[in-house]
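Report on one structure; see the data block that follows.
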Amino acid sequence: MTGKSEQTIGQIDRFIRKVSEKYPESDENISFTDIHIRASQDTGDLMAFDDNDNEITRCVIEEWIDNKSENFFSEVSSLLRKRLHSSSDIVGNLGILKPYNFVLEDDERENQAELFVADDETIIIGGDLMEGLDTDLDEFLKHLIEE
């Protein structure tokens, strides 16, 4: 299980604040970027980058160092989503042109999860936006066939 201690939560919250300080809310949003968050199972690094791969901030989550969990990225994405959601008033109003995303990546820069999407007045927090669609469609078709 990926650490969810108060220390880890505090580190993640500081990390989110540092990202928001880099892109303070303003009347003229001049930056156009997504926030790419990379988490490392080996080193415990949690890093944020812009679209040009410029580092925004980083920290080390001690509980993540040498994590061997096969569910590391799903656990980290769940925790990051919760922390981003609790800071949505800040991360949903960065000085970045909307829409922008917070995306979780692995060490090889492979997309692991979409964490947060801010689009004008709409803020979407969650994983797969189409999650459960197949089941819903199957139930709908089954219901139509029965009638």
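Order determines the names: the first chain of the structure tokens is A, the second B, and so forth; residues in each chain are numbered 1 upward, and ligands are numbered 1 upward as they are shown.
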
Excluding A:Asp45 and its own-chain neighbours fewer than 2 positions away, which residues fall within 6 Å of it when counting only C-alpha atoms? Please give them as a ChimeraX atom specification. /A:39-40,43,59-60

Which of chain A fall in strand (DSSP E), as a compact mmCIF listing (two decimals) with N, CA, C and O atoms, in the first residue's frame:
```txt
# COMPACT_ATOMS: atom_id res chain seq x y z
N ILE A 35 0.15 20.42 -16.53
CA ILE A 35 1.08 20.10 -15.45
C ILE A 35 1.29 18.59 -15.47
O ILE A 35 0.36 17.83 -15.28
N HIS A 36 2.52 18.20 -15.75
CA HIS A 36 2.88 16.78 -15.82
C HIS A 36 3.53 16.40 -14.50
O HIS A 36 4.59 16.92 -14.16
N ILE A 37 2.88 15.51 -13.77
CA ILE A 37 3.39 15.07 -12.47
C ILE A 37 4.00 13.69 -12.65
O ILE A 37 3.35 12.78 -13.17
N ARG A 38 5.26 13.55 -12.25
CA ARG A 38 5.94 12.26 -12.34
C ARG A 38 6.21 11.74 -10.95
O ARG A 38 6.71 12.45 -10.08
N ALA A 39 5.86 10.48 -10.75
CA ALA A 39 6.10 9.81 -9.47
C ALA A 39 7.02 8.63 -9.73
O ALA A 39 6.85 7.91 -10.72
N ASP A 45 10.62 10.21 -5.72
CA ASP A 45 10.49 11.56 -6.26
C ASP A 45 9.07 11.84 -6.73
O ASP A 45 8.44 10.99 -7.37
N LEU A 46 8.59 13.02 -6.43
CA LEU A 46 7.35 13.55 -6.96
C LEU A 46 7.74 14.87 -7.61
O LEU A 46 8.22 15.78 -6.93
N MET A 47 7.59 14.94 -8.94
CA MET A 47 8.07 16.10 -9.69
C MET A 47 6.97 16.64 -10.57
O MET A 47 6.12 15.88 -11.04
N ALA A 48 6.99 17.94 -10.81
CA ALA A 48 6.03 18.58 -11.71
C ALA A 48 6.81 19.27 -12.83
O ALA A 48 7.84 19.91 -12.58
N PHE A 49 6.30 19.12 -14.06
CA PHE A 49 6.91 19.71 -15.24
C PHE A 49 5.85 20.40 -16.08
O PHE A 49 4.68 20.02 -16.04
N GLU A 55 11.21 21.82 -15.22
CA GLU A 55 10.80 21.43 -13.88
C GLU A 55 10.18 22.60 -13.15
O GLU A 55 10.72 23.70 -13.12
N ILE A 56 9.03 22.36 -12.54
CA ILE A 56 8.33 23.37 -11.76
C ILE A 56 8.71 23.22 -10.29
O ILE A 56 9.08 24.18 -9.63
N THR A 57 8.62 22.01 -9.79
CA THR A 57 8.99 21.73 -8.39
C THR A 57 9.18 20.22 -8.23
O THR A 57 8.82 19.44 -9.11
N ARG A 58 9.76 19.85 -7.10
CA ARG A 58 9.94 18.43 -6.78
C ARG A 58 10.04 18.26 -5.28
O ARG A 58 10.38 19.19 -4.56
N CYS A 59 9.75 17.04 -4.84
CA CYS A 59 9.96 16.67 -3.45
C CYS A 59 10.15 15.15 -3.42
O CYS A 59 9.96 14.47 -4.43
N VAL A 60 10.58 14.65 -2.29
CA VAL A 60 10.74 13.20 -2.12
C VAL A 60 9.72 12.74 -1.09
O VAL A 60 9.65 13.28 0.02
N TYR A 100 -6.63 23.18 -18.99
CA TYR A 100 -5.34 22.58 -18.64
C TYR A 100 -5.58 21.38 -17.77
O TYR A 100 -6.64 21.23 -17.16
N ASN A 101 -4.60 20.49 -17.75
CA ASN A 101 -4.72 19.21 -17.05
C ASN A 101 -3.58 19.01 -16.08
O ASN A 101 -2.48 19.51 -16.31
N PHE A 102 -3.85 18.23 -15.06
CA PHE A 102 -2.80 17.65 -14.23
C PHE A 102 -2.78 16.18 -14.62
O PHE A 102 -3.80 15.50 -14.52
N VAL A 103 -1.63 15.71 -15.09
CA VAL A 103 -1.50 14.36 -15.60
C VAL A 103 -0.41 13.63 -14.83
O VAL A 103 0.67 14.19 -14.61
N LEU A 104 -0.67 12.39 -14.42
CA LEU A 104 0.33 11.58 -13.73
C LEU A 104 1.09 10.76 -14.76
O LEU A 104 0.49 10.12 -15.62
N GLU A 105 2.43 10.78 -14.66
CA GLU A 105 3.29 10.03 -15.56
C GLU A 105 4.26 9.18 -14.74
O GLU A 105 4.55 9.48 -13.59
N ASN A 111 1.96 8.33 -19.78
CA ASN A 111 0.77 8.79 -19.08
C ASN A 111 0.16 7.63 -18.29
O ASN A 111 -0.13 6.59 -18.84
N GLN A 112 -0.04 7.83 -17.00
CA GLN A 112 -0.64 6.83 -16.13
C GLN A 112 -2.08 7.17 -15.75
O GLN A 112 -2.89 6.28 -15.58
N ALA A 113 -2.37 8.47 -15.63
CA ALA A 113 -3.73 8.86 -15.22
C ALA A 113 -3.92 10.36 -15.42
O ALA A 113 -3.00 11.14 -15.25
N GLU A 114 -5.15 10.73 -15.78
CA GLU A 114 -5.53 12.13 -15.80
C GLU A 114 -6.08 12.43 -14.41
O GLU A 114 -7.01 11.77 -13.96
N LEU A 115 -5.49 13.39 -13.73
CA LEU A 115 -5.84 13.65 -12.34
C LEU A 115 -6.87 14.76 -12.16
O LEU A 115 -7.69 14.70 -11.25
N PHE A 116 -6.78 15.78 -13.00
CA PHE A 116 -7.59 16.97 -12.78
C PHE A 116 -7.64 17.74 -14.10
O PHE A 116 -6.62 17.93 -14.73
N VAL A 117 -8.83 18.17 -14.50
CA VAL A 117 -8.99 18.98 -15.71
C VAL A 117 -9.72 20.26 -15.32
O VAL A 117 -10.78 20.20 -14.71
N ALA A 118 -9.15 21.39 -15.68
CA ALA A 118 -9.80 22.68 -15.45
C ALA A 118 -10.13 23.27 -16.81
O ALA A 118 -9.25 23.44 -17.65
N ASP A 119 -11.42 23.55 -17.04
CA ASP A 119 -11.87 24.07 -18.32
C ASP A 119 -12.91 25.14 -18.08
O ASP A 119 -14.07 24.83 -17.82
N THR A 122 -15.86 24.74 -15.81
CA THR A 122 -16.00 23.32 -15.53
C THR A 122 -14.69 22.79 -14.98
O THR A 122 -13.64 22.98 -15.58
N ILE A 123 -14.74 22.13 -13.86
CA ILE A 123 -13.58 21.47 -13.30
C ILE A 123 -13.95 20.01 -13.15
O ILE A 123 -14.95 19.67 -12.53
N ILE A 124 -13.15 19.15 -13.77
CA ILE A 124 -13.43 17.71 -13.73
C ILE A 124 -12.35 17.05 -12.90
O ILE A 124 -11.17 17.23 -13.15
N ILE A 125 -12.76 16.31 -11.91
CA ILE A 125 -11.84 15.57 -11.08
C ILE A 125 -12.22 14.11 -11.18
O ILE A 125 -13.36 13.75 -11.00
```

Just list as a PyMOL selection string whatever in chain A DSSP marks as helix (DSSP H, G or I). chain A and resi 6-22+62-64+72-86+88-91+133-146

Selection: 12 Å around A:Asp89, only C-alpha atoms, excl. self and same-chain fewer than 2 positions, as an NGL selection string: :A and (16-17 or 20 or 25 or 83-87 or 91-94 or 118 or 121 or 123)

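The spacing separating atom CA of A:Tyr23 from atom CA of A:Ile96 amounts to 6.7 Å.
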
Got a sec: who's within 6 Å of A:Asp50, counting only C-alpha atoms, leaving out chain neighbours fewer than 3 positions off, as a ChimeraX atom specification? /A:33-35,53-54

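What separates atom CA of A:Asn71 from atom CA of A:Arg109 is a distance of 17.5 Å.
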
Could you name the residues that touch A:Ile9 at 12 Å or less, counting only C-alpha atoms, but leaving out those on the same chain fewer than 3 positions away, as a PyMOL selection string? chain A and resi 2-6+12-16+61-63+76+79-84+86

Please, could you write that set of residues out with N, CA, C and O atoms as a compact mmCIF listing (two decimals), in the first residue's frame?
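Wrote it out as result_15.txt, contents follow:
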```txt
# COMPACT_ATOMS: atom_id res chain seq x y z
N THR A 2 0.57 2.18 -0.88
CA THR A 2 1.31 3.42 -0.96
C THR A 2 0.97 4.29 0.24
O THR A 2 -0.20 4.42 0.59
N GLY A 3 1.99 4.87 0.85
CA GLY A 3 1.81 5.62 2.08
C GLY A 3 0.81 6.75 2.00
O GLY A 3 0.78 7.50 1.04
N LYS A 4 -0.03 6.84 3.01
CA LYS A 4 -1.01 7.91 3.11
C LYS A 4 -0.92 8.59 4.47
O LYS A 4 -1.90 9.07 5.00
N SER A 5 0.28 8.60 5.04
CA SER A 5 0.46 9.18 6.36
C SER A 5 0.25 10.70 6.30
O SER A 5 0.23 11.30 5.23
N GLU A 6 0.11 11.28 7.47
CA GLU A 6 -0.03 12.73 7.55
C GLU A 6 1.18 13.43 6.94
O GLU A 6 1.03 14.46 6.31
N ILE A 12 2.54 16.32 -0.13
CA ILE A 12 1.79 16.48 -1.37
C ILE A 12 1.10 17.85 -1.40
O ILE A 12 1.12 18.53 -2.43
N ASP A 13 0.52 18.25 -0.29
CA ASP A 13 -0.14 19.56 -0.23
C ASP A 13 0.86 20.70 -0.46
O ASP A 13 0.56 21.67 -1.16
N ARG A 14 2.07 20.60 0.11
CA ARG A 14 3.11 21.61 -0.13
C ARG A 14 3.52 21.61 -1.60
O ARG A 14 3.73 22.65 -2.20
N PHE A 15 3.62 20.43 -2.18
CA PHE A 15 3.97 20.26 -3.59
C PHE A 15 2.93 20.99 -4.47
O PHE A 15 3.28 21.75 -5.37
N ILE A 16 1.65 20.79 -4.17
CA ILE A 16 0.57 21.44 -4.93
C ILE A 16 0.65 22.95 -4.77
O ILE A 16 0.49 23.71 -5.73
N ILE A 61 8.92 11.76 -1.48
CA ILE A 61 7.95 11.16 -0.57
C ILE A 61 8.63 9.90 -0.01
O ILE A 61 8.76 8.91 -0.72
N GLU A 62 9.09 10.00 1.23
CA GLU A 62 9.89 8.91 1.81
C GLU A 62 9.17 7.58 1.79
O GLU A 62 9.78 6.54 1.57
N GLU A 63 7.86 7.59 2.00
CA GLU A 63 7.10 6.34 2.02
C GLU A 63 7.05 5.65 0.66
O GLU A 63 6.68 4.49 0.57
N VAL A 76 -1.25 6.02 -6.13
CA VAL A 76 -0.75 7.40 -6.15
C VAL A 76 -1.76 8.31 -6.84
O VAL A 76 -2.04 9.41 -6.37
N LEU A 79 -4.64 9.08 -4.49
CA LEU A 79 -4.22 10.02 -3.45
C LEU A 79 -4.05 11.44 -4.02
O LEU A 79 -4.53 12.42 -3.43
N LEU A 80 -3.41 11.55 -5.17
CA LEU A 80 -3.21 12.87 -5.78
C LEU A 80 -4.54 13.51 -6.17
O LEU A 80 -4.73 14.71 -5.99
N ARG A 81 -5.47 12.71 -6.71
CA ARG A 81 -6.79 13.25 -7.05
C ARG A 81 -7.47 13.84 -5.82
O ARG A 81 -8.05 14.92 -5.87
N LYS A 82 -7.41 13.11 -4.71
CA LYS A 82 -8.04 13.59 -3.47
C LYS A 82 -7.41 14.90 -3.01
O LYS A 82 -8.11 15.83 -2.60
N ARG A 83 -6.08 14.97 -3.07
CA ARG A 83 -5.39 16.18 -2.62
C ARG A 83 -5.66 17.34 -3.58
O ARG A 83 -5.83 18.47 -3.16
N LEU A 84 -5.69 17.08 -4.90
CA LEU A 84 -6.01 18.13 -5.87
C LEU A 84 -7.45 18.60 -5.67
O LEU A 84 -7.73 19.79 -5.74
N SER A 86 -9.16 18.59 -2.90
CA SER A 86 -9.23 19.41 -1.69
C SER A 86 -8.62 20.79 -1.91
O SER A 86 -8.91 21.71 -1.16
```

Choose the residue, out of A:Glu108, A:Glu146, A:Asp42, A:Asp51, that has the smallest atom-to-atom separation from A:Ser69; count only C-alpha atoms.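 Between A:Glu108, A:Glu146, A:Asp42, A:Asp51, the residue approaching A:Ser69 most closely is A:Asp42.
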
Determine the nearest neighbour of A:Trp64 from the options A:Val19, A:Asp106, A:Thr8, A:Asp27, counting only C-alpha atoms. A:Thr8
